[in-house]
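Student: Quick one: the structure is below, questions incoming.
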Amino acid sequence: MKILPDTSLSVKARKPESSRRPSARPSTRKALGQHYLTDKGTIQQILSTSQLNPHDTVLEVGPGLGAVTFPLVQSAQSVVAIEIDPRLAASLPGRLGNPPNLRVINADARDVELTNVLEENANYKLVANLPYYAASPILRRFLETVTHRPALIVVMVQREVARSMAAEDGRMSLLAVGIQVYGIPSIICDVPPEAFYPPPKVTSTVVKIVPRHRMAIEVENTEGFFNVVRAGFFAPRKQIRNSLGLGLSMSTEQVGHLLESAKLDPKLRPENLSLEEWGRLYQASLHQ
């Protein structure tokens, strides 16, 4: 699989251990969290994790300078790239030689209308490089959709976010529940700051998410379910009985009845609850 030659980018690809800076430095917008991936090894890891074939459609969020986009258009049947920065969106096709199977959309992936981007029930893969502030809403959006859910997600996020997404029982978080109820996340590799230009202050991580065909737990109303989960994590360091009381504005007696109905230990912390236990808590809340 070919990787975009250094001369095709205004940022040269480099190994993480190298301290050499690119000779041509692109301007960045700090508010957008722009850090351009330049390490060929990481790019190759993203591609191999995506398991592309010539018939695939790929939706890429955050293509930036196109370091990942170029090998994507070489490997997949079609690539749709969503870029929030109008300058990068306008220059990306020409930067890559105007490939006929590339479509670039200048939009915020948190707001873009998926029906204008993809056909209903399209079989596609999502590849994304997401800043901290946008990771959760973008991933939840693509996982929660019924008609435009991807077959596979390969995403690069801040390491702490990745660890939270893939947390096991006993270390759960609101983000972990939100991701794992819809998909199965797994950590692929960490990416050091030196793999980007300019280097961020944090380590990033590549994560693979395999969307579930159905939710991990059966709920009648997903909004109602997540209202309960958010309430449960209202005070994540407190015991679940205290956190729920604060989050749902319920009395101690009401919370006690709720937890008893759900067969949950009131002394547990929110991070200790499994997906199945959150499902029981939601079901019990319907009868309060």
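Scheme for the structure tokens: letters A, B, ... for chains in order shown; per-chain residue numbers from 1; ligand numbers from 1 in order shown.
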Enumerate as a VMD selection string all residues of segment 35-267 of chain A assigned to strand (DSSP E or B) by DSSP on the backbone, naming them with the chain letters and numbers the document uses.
Tutor: chain A and resid 36 to 37 57 to 61 78 to 83 102 to 106 124 to 129 152 to 158 183 to 191 196 to 197 204 to 211
Student: Excluding Lys238 of chain A and any residue of its chain fewer than 4 positions from it, enumerate the residues within 10 Å of it, using only C-alpha atoms, and give them as a list in words.
Tutor: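 Skipping anything fewer than 4 positions along the chain leaves Gly232, Phe233, Phe234, Asn242, Ser243, Leu244, Lys267, Leu268, Arg269, Pro270 and Glu271 of chain A.
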Student: Residues as selected, N, CA and C atoms, written as a PDB file, in the first residue's frame, can you do that?
Tutor:
ATOM      1  N   GLY A 232     -26.366   9.140  37.187  1.00  0.00           N
ATOM      2  CA  GLY A 232     -25.522   8.261  37.987  1.00  0.00           C
ATOM      3  C   GLY A 232     -24.092   8.755  38.092  1.00  0.00           C
ATOM      4  N   PHE A 233     -23.612   9.404  37.030  1.00  0.00           N
ATOM      5  CA  PHE A 233     -22.244   9.936  37.021  1.00  0.00           C
ATOM      6  C   PHE A 233     -22.208  11.419  37.386  1.00  0.00           C
ATOM      7  N   PHE A 234     -23.303  11.935  37.928  1.00  0.00           N
ATOM      8  CA  PHE A 234     -23.365  13.347  38.302  1.00  0.00           C
ATOM      9  C   PHE A 234     -22.249  13.696  39.279  1.00  0.00           C
ATOM     10  N   ASN A 242     -25.705   8.429  46.459  1.00  0.00           N
ATOM     11  CA  ASN A 242     -25.567   9.877  46.594  1.00  0.00           C
ATOM     12  C   ASN A 242     -25.556  10.566  45.235  1.00  0.00           C
ATOM     13  N   SER A 243     -24.863   9.971  44.283  1.00  0.00           N
ATOM     14  CA  SER A 243     -24.783  10.563  42.953  1.00  0.00           C
ATOM     15  C   SER A 243     -26.148  10.593  42.276  1.00  0.00           C
ATOM     16  N   LEU A 244     -26.898   9.503  42.385  1.00  0.00           N
ATOM     17  CA  LEU A 244     -28.242   9.457  41.799  1.00  0.00           C
ATOM     18  C   LEU A 244     -29.168  10.465  42.456  1.00  0.00           C
ATOM     19  N   LYS A 267     -23.803   1.226  47.965  1.00  0.00           N
ATOM     20  CA  LYS A 267     -22.466   1.718  48.285  1.00  0.00           C
ATOM     21  C   LYS A 267     -21.511   1.663  47.089  1.00  0.00           C
ATOM     22  N   LEU A 268     -21.963   1.081  45.990  1.00  0.00           N
ATOM     23  CA  LEU A 268     -21.132   1.047  44.787  1.00  0.00           C
ATOM     24  C   LEU A 268     -20.904   2.460  44.252  1.00  0.00           C
ATOM     25  N   ARG A 269     -19.776   2.664  43.614  1.00  0.00           N
ATOM     26  CA  ARG A 269     -19.542   3.916  42.903  1.00  0.00           C
ATOM     27  C   ARG A 269     -19.999   3.736  41.450  1.00  0.00           C
ATOM     28  N   PRO A 270     -20.349   4.818  40.780  1.00  0.00           N
ATOM     29  CA  PRO A 270     -20.814   4.695  39.389  1.00  0.00           C
ATOM     30  C   PRO A 270     -19.861   3.909  38.493  1.00  0.00           C
ATOM     31  N   GLU A 271     -18.558   4.057  38.705  1.00  0.00           N
ATOM     32  CA  GLU A 271     -17.577   3.368  37.858  1.00  0.00           C
ATOM     33  C   GLU A 271     -17.606   1.855  38.026  1.00  0.00           C
TER      34      GLU A 271
END
Student: Write out as a ChimeraX atom specification which residues come within 10 Å of segment 147-152 of chain A when counting only C-alpha atoms, dropping same-chain ones fewer than 4 positions away.
Tutor: /A:49-51,57-59,114-115,117-127,141-143,183,208-213
Student: Output the selection as a short mmCIF file (atom, residue, chain, number, x, y, z; two decimals), in the first residue's frame - C-alpha atoms for each residue.
Tutor:
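Saved the output as again04.cif:
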data_model
loop_
_atom_site.label_atom_id
_atom_site.label_comp_id
_atom_site.auth_asym_id
_atom_site.auth_seq_id
_atom_site.Cartn_x
_atom_site.Cartn_y
_atom_site.Cartn_z
CA THR A 49 -6.54 -1.60 11.23
CA SER A 50 -9.15 -0.30 8.76
CA GLN A 51 -8.90 -3.56 6.76
CA THR A 57 -16.52 3.36 1.04
CA VAL A 58 -14.64 5.36 3.68
CA LEU A 59 -15.86 8.41 5.57
CA LEU A 114 -25.61 12.31 7.21
CA THR A 115 -28.34 11.83 4.60
CA VAL A 117 -23.23 12.57 2.82
CA LEU A 118 -24.09 8.88 2.65
CA GLU A 119 -26.82 6.74 1.19
CA GLU A 120 -29.21 5.17 3.69
CA ASN A 121 -27.85 1.87 5.07
CA ALA A 122 -24.58 2.45 3.22
CA ASN A 123 -21.86 -0.04 4.08
CA TYR A 124 -18.91 2.18 4.98
CA LYS A 125 -16.00 2.54 7.39
CA LEU A 126 -15.28 5.60 9.52
CA VAL A 127 -11.69 6.80 9.92
CA ARG A 141 -23.49 10.45 16.64
CA PHE A 142 -22.19 7.77 14.29
CA LEU A 143 -22.81 4.93 16.74
CA GLY A 183 -19.80 -0.85 20.06
CA LYS A 208 -10.80 0.39 16.81
CA ILE A 209 -14.54 0.22 17.49
CA VAL A 210 -16.67 -2.59 16.09
CA PRO A 211 -20.30 -1.37 16.15
CA ARG A 212 -22.82 -3.82 17.58
CA HIS A 213 -25.73 -5.01 15.44
#
Student: Just give me the gap between atom CA of Asn116 of chain A and atom CA of Asn227 of chain A in Å, one decimal is fine.
Tutor: 29.5 Å
Student: Taking the DSSP secondary structure from the backbone, can you list the residues of segment 92-215 of chain A that are alpha helix (DSSP H), as a PyMOL selection string?
Tutor: chain A and resi 92-95+132-144+159-165+174-180
Student: Residues of the last selection are to be written out with C-alpha atoms, as a short mmCIF file (atom, residue, chain, number, x, y, z; two decimals), in the first residue's frame.
Tutor:
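Everything below was put into selection_16.cif:
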data_model
loop_
_atom_site.label_atom_id
_atom_site.label_comp_id
_atom_site.auth_asym_id
_atom_site.auth_seq_id
_atom_site.Cartn_x
_atom_site.Cartn_y
_atom_site.Cartn_z
CA LEU A 92 -7.17 18.99 -0.13
CA PRO A 93 -8.25 17.66 -3.58
CA GLY A 94 -5.49 19.55 -5.39
CA ARG A 95 -2.93 18.57 -2.78
CA TYR A 132 -10.57 16.07 22.67
CA TYR A 133 -13.54 18.43 22.58
CA ALA A 134 -15.23 16.68 19.64
CA ALA A 135 -14.47 12.99 20.21
CA SER A 136 -17.47 12.03 22.31
CA PRO A 137 -20.24 13.84 20.36
CA ILE A 138 -18.92 12.71 16.97
CA LEU A 139 -18.50 9.05 17.96
CA ARG A 140 -21.86 8.93 19.72
CA ARG A 141 -23.49 10.45 16.64
CA PHE A 142 -22.19 7.77 14.29
CA LEU A 143 -22.81 4.93 16.74
CA GLU A 144 -26.35 5.95 17.65
CA ARG A 159 -4.85 8.71 25.20
CA GLU A 160 -6.93 9.45 28.28
CA VAL A 161 -10.08 9.52 26.16
CA ALA A 162 -9.14 6.22 24.54
CA ARG A 163 -8.53 4.54 27.90
CA SER A 164 -11.89 5.81 29.12
CA MET A 165 -13.68 4.53 26.00
CA LEU A 174 -20.11 8.16 31.17
CA LEU A 175 -18.08 8.02 27.94
CA ALA A 176 -17.36 4.29 28.36
CA VAL A 177 -21.06 3.50 28.77
CA GLY A 178 -21.95 5.71 25.80
CA ILE A 179 -19.46 3.96 23.53
CA GLN A 180 -19.69 0.37 24.77
#
Student: List as a list in words the protein and nucleic acid residues near Asn101 of chain A, meaning an atom at most 8 Å away when only C-alpha atoms are counted, but skip any in the same chain fewer than 6 places from it.
Tutor: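 In the requested format, the answer is Val73, Gln77, Ser78 and Val79 of chain A.
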Student: With N, CA and C atoms retained, write the just-selected residues as a tab-separated table (two decimals), in the first residue's frame.
Tutor:
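Ended up saving to selection09.tsv:
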chain	number	residue	atom	x	y	z
A	73	VAL	N	-7.67	6.86	-0.59
A	73	VAL	CA	-8.23	6.93	-1.95
A	73	VAL	C	-7.55	5.92	-2.87
A	77	GLN	N	-12.84	2.22	-2.75
A	77	GLN	CA	-13.59	2.60	-3.95
A	77	GLN	C	-13.91	4.08	-3.94
A	78	SER	N	-14.30	4.60	-2.77
A	78	SER	CA	-14.62	6.02	-2.65
A	78	SER	C	-14.33	6.50	-1.24
A	79	VAL	N	-13.97	7.77	-1.14
A	79	VAL	CA	-13.66	8.39	0.15
A	79	VAL	C	-14.41	9.71	0.24
Student: Mind checking which residues fall within 12 Å of Tyr282 of chain A, counting only C-alpha atoms, ignoring those fewer than 4 positions away in the same chain, and posting them as a PyMOL selection string?
Tutor: chain A and resi 217-232+244+258-259+261-264+275-278+286-288
Student: Find the distance between atom CA of Pro63 of chain A and atom CA of Glu113 of chain A and write it in Å to one decimal.
Tutor: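 A separation of 18.3 Å between them.
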Student: Fewer than 5 positions away in the same chain doesn't count, so skip those; otherwise give me all residues within 12 Å of Ile84 of chain A, counting only C-alpha atoms, as an NGL selection string.
Tutor: :A and (29 or 31-34 or 60-64 or 89-90 or 104-112 or 130-131 or 134)
Student: Export, as a JSON list (two decimals), in the first residue's frame, the selected residues with N, CA and C atoms.
Tutor:
[["chain", "number", "residue", "atom", "x", "y", "z"],
["A", 29, "ARG", "N", -4.80, 26.28, 13.35],
["A", 29, "ARG", "CA", -5.78, 27.02, 14.12],
["A", 29, "ARG", "C", -5.93, 26.34, 15.47],
["A", 31, "ALA", "N", -7.74, 26.89, 18.00],
["A", 31, "ALA", "CA", -9.10, 26.65, 18.48],
["A", 31, "ALA", "C", -9.67, 25.35, 17.93],
["A", 32, "LEU", "N", -9.16, 24.89, 16.79],
["A", 32, "LEU", "CA", -9.65, 23.65, 16.19],
["A", 32, "LEU", "C", -8.84, 22.44, 16.62],
["A", 33, "GLY", "N", -7.83, 22.66, 17.46],
["A", 33, "GLY", "CA", -7.01, 21.54, 17.91],
["A", 33, "GLY", "C", -6.24, 20.89, 16.78],
["A", 34, "GLN", "N", -5.69, 21.71, 15.86],
["A", 34, "GLN", "CA", -5.05, 21.16, 14.66],
["A", 34, "GLN", "C", -3.61, 20.72, 14.92],
["A", 60, "GLU", "N", -13.99, 9.85, 6.12],
["A", 60, "GLU", "CA", -12.88, 10.32, 6.95],
["A", 60, "GLU", "C", -13.26, 11.66, 7.58],
["A", 61, "VAL", "N", -13.11, 11.75, 8.89],
["A", 61, "VAL", "CA", -13.37, 12.98, 9.61],
["A", 61, "VAL", "C", -12.03, 13.57, 10.05],
["A", 62, "GLY", "N", -11.79, 14.82, 9.67],
["A", 62, "GLY", "CA", -10.54, 15.46, 10.03],
["A", 62, "GLY", "C", -9.36, 15.06, 9.17],
["A", 63, "PRO", "N", -9.45, 15.16, 7.84],
["A", 63, "PRO", "CA", -8.35, 14.74, 6.97],
["A", 63, "PRO", "C", -7.12, 15.63, 7.06],
["A", 64, "GLY", "N", -7.30, 16.89, 7.47],
["A", 64, "GLY", "CA", -6.15, 17.78, 7.59],
["A", 64, "GLY", "C", -5.44, 17.96, 6.27],
["A", 89, "ALA", "N", -10.14, 22.23, 3.51],
["A", 89, "ALA", "CA", -11.13, 21.56, 2.67],
["A", 89, "ALA", "C", -10.96, 21.97, 1.21],
["A", 90, "ALA", "N", -10.69, 23.25, 0.97],
["A", 90, "ALA", "CA", -10.56, 23.75, -0.40],
["A", 90, "ALA", "C", -9.29, 23.25, -1.07],
["A", 104, "VAL", "N", -14.81, 16.00, -0.89],
["A", 104, "VAL", "CA", -14.48, 16.74, 0.32],
["A", 104, "VAL", "C", -15.65, 17.65, 0.69],
["A", 105, "ILE", "N", -16.04, 17.59, 1.95],
["A", 105, "ILE", "CA", -17.14, 18.40, 2.46],
["A", 105, "ILE", "C", -16.62, 19.29, 3.57],
["A", 106, "ASN", "N", -16.80, 20.60, 3.42],
["A", 106, "ASN", "CA", -16.40, 21.55, 4.45],
["A", 106, "ASN", "C", -17.55, 21.68, 5.45],
["A", 107, "ALA", "N", -17.42, 21.00, 6.59],
["A", 107, "ALA", "CA", -18.49, 21.00, 7.58],
["A", 107, "ALA", "C", -17.95, 20.52, 8.92],
["A", 108, "ASP", "N", -18.73, 20.75, 9.95],
["A", 108, "ASP", "CA", -18.44, 20.21, 11.28],
["A", 108, "ASP", "C", -19.13, 18.85, 11.38],
["A", 109, "ALA", "N", -18.37, 17.80, 11.64],
["A", 109, "ALA", "CA", -18.94, 16.45, 11.67],
["A", 109, "ALA", "C", -19.98, 16.28, 12.76],
["A", 110, "ARG", "N", -19.99, 17.18, 13.73],
["A", 110, "ARG", "CA", -21.01, 17.11, 14.78],
["A", 110, "ARG", "C", -22.37, 17.56, 14.27],
["A", 111, "ASP", "N", -22.38, 18.32, 13.18],
["A", 111, "ASP", "CA", -23.63, 18.91, 12.69],
["A", 111, "ASP", "C", -24.03, 18.46, 11.29],
["A", 112, "VAL", "N", -23.11, 17.87, 10.54],
["A", 112, "VAL", "CA", -23.40, 17.55, 9.15],
["A", 112, "VAL", "C", -24.57, 16.57, 9.05],
["A", 130, "LEU", "N", -9.68, 12.87, 15.88],
["A", 130, "LEU", "CA", -10.58, 13.77, 16.58],
["A", 130, "LEU", "C", -9.92, 14.49, 17.74],
["A", 131, "PRO", "N", -10.13, 15.81, 17.84],
["A", 131, "PRO", "CA", -9.64, 16.54, 19.01],
["A", 131, "PRO", "C", -10.46, 16.18, 20.24],
["A", 134, "ALA", "N", -14.23, 17.18, 20.59],
["A", 134, "ALA", "CA", -15.23, 16.68, 19.64],
["A", 134, "ALA", "C", -15.37, 15.17, 19.62]]
Student: So, counting only C-alpha atoms, which residue among A:Arg87, A:Leu273, A:Ala284, A:Ala76 is closest to Ala167 of chain A?
Tutor: A:Leu273
